[in-house]
Structures are given as structure tokens and as C-alpha cells.
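Chemist: Pasting in a structure now, in C-alpha cells, and then I'll have a few things to ask.
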Amino acid sequence: MATLQEQLLTPANAPHLIADTKALVQGELDSKGITAAPLKGAYKAVTAFAPGYYEEAITAMLPGIVHQLEPFWVDFKASGGAAFGDYLSKRGGEVSESLLAVTDDMAANSGRATVVKAYHLVRGGAGKNIEAALPALGALVQKYAA
């Protein structure tokens, strides 16, 4: 069986996966109320920081995210589940911390002070935001891995 990385991160999938990931993030932000002002502010800072940086960041994160999702995907496939998003949601805390390891590492190794500052402002509440997005993330993964 092909790995999740082999299925998702192909040259043919990459532009579509990046566009769908950006749409997922935008949809999650749009669904948040006033309490998400810090998150929306951080997003605005990152997207305004430098043209193309946001897409570069997503492109750089995807291999790590896919790597972190691989053991969950393998278990999901072995369990015969129907919806990967439901599977991820049932393991919300574990999955979100696994995914945050990718962004934590990027922040620790970034030379972009503005981006790092924005990240640290929202890091504390990031887990709950990721958990809320897991159904959509699972559906996105399943779209490209099916």
C-alpha cells in the first residue's frame, strides 16, 4: 500500500492540495466569531508579511503534516472506517498536538520575527482551532488519498 505522502504529495496533486488547504484555512477563519480576533490578526500579519509567503509556508508544512498524519491514516485504514475526519475528531487532542509539532518546529527555526511573534500570540489556543478543523482536514486528505 502506498504511503499517505506518496498519495498526496505528487506533482499532479500539489497545486490542488495547496489551493484546497488555503481554502480550508480561510473557511475555518470565516467561521470564527469575534473571539478569534487574535487568530485573524496573526493570519493577516502572515499573509501581508510578504507576497507569496503564505503559500510557501503551506508548501513547506505539507510534508510534515502528512508525515504526522501517516500513523493515524494507517490505523484508520486498518479499522475500516468510512470518514477520516470523524476518525481524527475522535482523537482530537492527540492529532492536534501532533500537527502542532510541525508548526512549532517551523517557528523555532524561522528567521522571520514577525511571523514567529504572530505564531506565539495564537499558539496557546491553536489546539482547539485545529480540533475544530479536523473533520474538514480529514475529508481533504481522503479526497486526495482515495
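All residue names refer to the C-alpha cells as shown: chains lettered A, B, ... in order, residues numbered from 1 in each chain, ligands numbered from 1 in order.
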Write out as a count of residues only the residues lying within 10 Å of Gly27 of chain A, counting only C-alpha atoms and excluding same-chain residues fewer than 6 positions away.

Modeler: 3

Chemist: Sort by chain and increasing residue number a table of all residues of segment 22-81 of chain A within 12 Å of segment 103-114 of chain A, each with its closest pair of atoms and their distance in Å to one decimal, counting only C-alpha atoms, and write it as CSV.

Modeler:
residue,atom,partner,partner_atom,distance
A:Gly41,CA,A:Thr114,CA,11.9
A:Ala42,CA,A:Thr114,CA,9.3
A:Tyr43,CA,A:Thr114,CA,11.4
A:Lys44,CA,A:Thr114,CA,11.3
A:Ala45,CA,A:Thr114,CA,7.6
A:Val46,CA,A:Thr114,CA,7.8
A:Thr47,CA,A:Thr114,CA,11.2
A:Ala48,CA,A:Thr114,CA,10.6
A:Phe49,CA,A:Thr114,CA,7.8
A:Ala50,CA,A:Arg112,CA,10.5
A:Tyr53,CA,A:Arg112,CA,10.6
A:Ala57,CA,A:Met106,CA,9.0
A:Ile58,CA,A:Thr103,CA,10.3
A:Ala60,CA,A:Met106,CA,8.9
A:Met61,CA,A:Thr103,CA,7.4
A:Leu62,CA,A:Thr103,CA,10.4
A:Pro63,CA,A:Thr103,CA,11.7
A:Gly64,CA,A:Thr103,CA,8.9
A:Ile65,CA,A:Thr103,CA,8.9
A:Gln68,CA,A:Thr103,CA,11.4

Chemist: Keeping only N, CA and C atoms, write the selected residues as an mmCIF file, in the first residue's frame.

Modeler:
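Listed below is the output, out.cif:
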data_model
loop_
_atom_site.group_PDB
_atom_site.id
_atom_site.type_symbol
_atom_site.label_atom_id
_atom_site.label_comp_id
_atom_site.auth_asym_id
_atom_site.auth_seq_id
_atom_site.Cartn_x
_atom_site.Cartn_y
_atom_site.Cartn_z
ATOM 1 N N GLY A 41 -5.902 38.192 13.280
ATOM 2 C CA GLY A 41 -4.818 39.164 13.202
ATOM 3 C C GLY A 41 -3.502 38.510 12.807
ATOM 4 N N ALA A 42 -3.224 37.350 13.377
ATOM 5 C CA ALA A 42 -1.998 36.622 13.034
ATOM 6 C C ALA A 42 -2.024 36.200 11.566
ATOM 7 N N TYR A 43 -3.187 35.732 11.105
ATOM 8 C CA TYR A 43 -3.338 35.334 9.708
ATOM 9 C C TYR A 43 -3.079 36.527 8.786
ATOM 10 N N LYS A 44 -3.653 37.671 9.153
ATOM 11 C CA LYS A 44 -3.466 38.871 8.348
ATOM 12 C C LYS A 44 -1.994 39.278 8.325
ATOM 13 N N ALA A 45 -1.331 39.185 9.470
ATOM 14 C CA ALA A 45 0.090 39.540 9.532
ATOM 15 C C ALA A 45 0.916 38.634 8.634
ATOM 16 N N VAL A 46 0.626 37.349 8.666
ATOM 17 C CA VAL A 46 1.390 36.397 7.857
ATOM 18 C C VAL A 46 1.105 36.585 6.373
ATOM 19 N N THR A 47 -0.153 36.767 6.007
ATOM 20 C CA THR A 47 -0.484 36.903 4.584
ATOM 21 C C THR A 47 -0.020 38.245 4.019
ATOM 22 N N ALA A 48 0.068 39.269 4.871
ATOM 23 C CA ALA A 48 0.510 40.583 4.404
ATOM 24 C C ALA A 48 2.023 40.744 4.502
ATOM 25 N N PHE A 49 2.676 39.854 5.232
ATOM 26 C CA PHE A 49 4.102 39.970 5.513
ATOM 27 C C PHE A 49 4.943 40.054 4.247
ATOM 28 N N ALA A 50 4.691 39.167 3.325
ATOM 29 C CA ALA A 50 5.430 39.158 2.061
ATOM 30 C C ALA A 50 4.591 38.416 1.028
ATOM 31 N N TYR A 53 4.453 34.446 0.700
ATOM 32 C CA TYR A 53 4.976 33.753 1.877
ATOM 33 C C TYR A 53 3.991 32.723 2.418
ATOM 34 N N ALA A 57 4.719 28.879 2.956
ATOM 35 C CA ALA A 57 4.628 28.251 4.278
ATOM 36 C C ALA A 57 3.779 26.986 4.213
ATOM 37 N N ILE A 58 2.665 27.043 3.511
ATOM 38 C CA ILE A 58 1.814 25.854 3.372
ATOM 39 C C ILE A 58 2.591 24.761 2.639
ATOM 40 N N ALA A 60 5.746 24.333 2.534
ATOM 41 C CA ALA A 60 6.785 23.820 3.428
ATOM 42 C C ALA A 60 6.205 22.935 4.532
ATOM 43 N N MET A 61 4.994 23.248 4.999
ATOM 44 C CA MET A 61 4.370 22.486 6.085
ATOM 45 C C MET A 61 3.779 21.156 5.635
ATOM 46 N N LEU A 62 3.314 21.083 4.411
ATOM 47 C CA LEU A 62 2.575 19.895 3.987
ATOM 48 C C LEU A 62 3.325 18.578 4.194
ATOM 49 N N PRO A 63 4.605 18.470 3.843
ATOM 50 C CA PRO A 63 5.272 17.183 4.094
ATOM 51 C C PRO A 63 5.269 16.793 5.573
ATOM 52 N N GLY A 64 5.504 17.739 6.455
ATOM 53 C CA GLY A 64 5.481 17.444 7.888
ATOM 54 C C GLY A 64 4.097 17.068 8.372
ATOM 55 N N ILE A 65 3.089 17.774 7.889
ATOM 56 C CA ILE A 65 1.712 17.473 8.280
ATOM 57 C C ILE A 65 1.322 16.078 7.807
ATOM 58 N N GLN A 68 2.966 13.511 9.944
ATOM 59 C CA GLN A 68 2.312 13.372 11.241
ATOM 60 C C GLN A 68 0.970 12.644 11.124
#

Chemist: Which of these, A:Ser96, A:Gln142, A:Thr59, A:Asn13, has the shortest distance to Gly81 of chain A once you count only C-alpha atoms?

Modeler: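 Using only C-alpha atoms, Gly81 of chain A sits closest to A:Gln142.
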
Chemist: Excluding Arg91 of chain A and residues on its chain fewer than 2 positions from it, collect all residues at most 12 Å away from it, counting only C-alpha atoms, and give them as a ChimeraX atom specification.

Modeler: /A:69,72,75-76,84-89,93-98,127,130-132,134-135,138

Chemist: Could you check which of A:Ala118, A:Leu4, A:Leu137, A:Val74 is closest to Lys40 of chain A, using only C-alpha atoms?

Modeler: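 Ranked by minimum distance to Lys40 of chain A, first place goes to A:Ala118.
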
Chemist: Can you work out the spacing between atom CA of Gly124 of chain A and atom CA of Lys22 of chain A in Å, to one decimal?

Modeler: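 Between these atoms lies a distance of 21.8 Å.
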